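Take a look at the structure set out below.
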Amino acid sequence: MPSDCLFCKLVTREIPGDIVYEDEDVLAFNDISPQAPTHILIIPKQHVATVNDVPEEQASLFGTLVGCAKRLAIQRGIDASGYRLIMNCNGEGGQTVFHVHLHLLGGRQLTGLG
Ligand code: 5GP
Ligand code: ZN
């Protein structure tokens with residue numbers, strides 16, 4: 001784990017997080033600056049910097065993250081109304097924290113894709 005990775009520090013509890021789900025492989029927590037009534041970040045516990053760094057043979061990681069997001073959406077009661085899953089990659093993709101994460105956004109009408 002890179003010592004300067006913010007999300008690794010959330011995994012190890014070096015910094016506090018508003019954790020909503022955890023298992024062996026995944027951590028989910030509320031975004032510190034929510035853009036919607038539900039704004040949860042879902043991360044692999046293992047450090048991977050960007051989507052580009054996930055090897056093809058570990059692509060099941062993405063399914064794990066989406067599955068977790070789907071279950072959280074059902075729990076929050078936003079599965080039928082709708083939600084958005086976003087994974088930003090590198091600078092022009094808007095990534096600011098370099099530990100792969102999936103945004104789960106919902107609870108209001110979402111518009112343009114930026
Ligand atoms: P990105 O822009 O990399 O796709 O998303 C990074 C997200 O991490 C942003 O939505 C930002 O608000 C969130 N974030 C940044 N620092 C922290 C933090 O210390 N705790 C939590 N819970 N979220 C953070
Ligand atoms: Zn990390």
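So you can find residues: chains in the structure tokens are A, B, ... in the order shown, residues in each start at 1, and ligands are numbered from 1 in order.
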Contacts to ligand 1 at 12 Å cut-off (only C-alpha atoms and all ligand atoms) as a PyMOL selection string: chain A and resi 5-11+13-20+27-36+38-43+49-51+85-105
Residues flagged strand (DSSP E) by DSSP in chain A, as a count of residues only: 25
Residue nearest ligand 2 - candidates A:Gly82, A:Pro2, A:Gly106, A:Pro55, atoms counted: only C-alpha atoms and all ligand atoms: A:Pro2
Using only C-alpha atoms and all ligand atoms: which of A:Ala80, A:His47, A:Leu113, A:Glu24 has the shortest distance to ligand 2: A:His47
Top pick for closest residue to ligand 2, considering A:Val54, A:Val26, A:Leu65, A:Val48 and counting only C-alpha atoms and all ligand atoms: A:Val48
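Across the structure, CA of Gln75 (chain A) and CA of Gly114 (chain A) are spaced 27.5 Å apart.
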Test item, helix (DSSP H, G or I) assignment across chain A, answer as an MDAnalysis selection string: chainID A and resid 6:11 51:53 56:58 60:76 90:93
Any chance you can output those residues with C-alpha atoms as a JSON list (two decimals), in the first residue's frame?
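Output below, filename out-v2.json:
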```
[["chain", "number", "residue", "atom", "x", "y", "z"],
["A", 6, "LEU", "CA", -5.98, 8.48, 1.24],
["A", 7, "PHE", "CA", -8.31, 5.56, 0.56],
["A", 8, "CYS", "CA", -5.79, 2.97, 1.79],
["A", 9, "LYS", "CA", -5.75, 4.98, 5.03],
["A", 10, "LEU", "CA", -9.53, 4.67, 5.22],
["A", 11, "VAL", "CA", -9.18, 0.90, 4.81],
["A", 51, "VAL", "CA", -8.82, 1.57, -14.03],
["A", 52, "ASN", "CA", -5.80, 1.30, -16.35],
["A", 53, "ASP", "CA", -3.92, -0.60, -13.65],
["A", 56, "GLU", "CA", -7.56, -8.17, -17.48],
["A", 57, "GLU", "CA", -7.34, -11.30, -15.34],
["A", 58, "GLN", "CA", -8.61, -9.26, -12.38],
["A", 60, "SER", "CA", -13.93, -9.45, -11.99],
["A", 61, "LEU", "CA", -13.03, -6.68, -9.53],
["A", 62, "PHE", "CA", -15.33, -4.35, -11.49],
["A", 63, "GLY", "CA", -18.20, -6.81, -11.15],
["A", 64, "THR", "CA", -17.57, -6.98, -7.42],
["A", 65, "LEU", "CA", -17.73, -3.19, -7.10],
["A", 66, "VAL", "CA", -20.88, -2.90, -9.25],
["A", 67, "GLY", "CA", -22.56, -5.72, -7.34],
["A", 68, "CYS", "CA", -21.86, -3.93, -4.08],
["A", 69, "ALA", "CA", -23.22, -0.67, -5.51],
["A", 70, "LYS", "CA", -26.38, -2.42, -6.69],
["A", 71, "ARG", "CA", -27.03, -3.90, -3.25],
["A", 72, "LEU", "CA", -26.48, -0.52, -1.58],
["A", 73, "ALA", "CA", -28.87, 1.11, -4.07],
["A", 74, "ILE", "CA", -31.53, -1.47, -3.16],
["A", 75, "GLN", "CA", -30.88, -0.89, 0.56],
["A", 76, "ARG", "CA", -31.30, 2.87, 0.06],
["A", 90, "ASN", "CA", -6.80, 10.05, -14.65],
["A", 91, "GLY", "CA", -6.78, 13.82, -15.08],
["A", 92, "GLU", "CA", -9.17, 14.45, -17.95],
["A", 93, "GLY", "CA", -11.53, 11.83, -16.53]]
```
Among the residues A:Gly77, A:Lys45, A:Pro37, A:Glu22, the one that comes closest to ligand 2 [using only C-alpha atoms and all ligand atoms]: A:Lys45
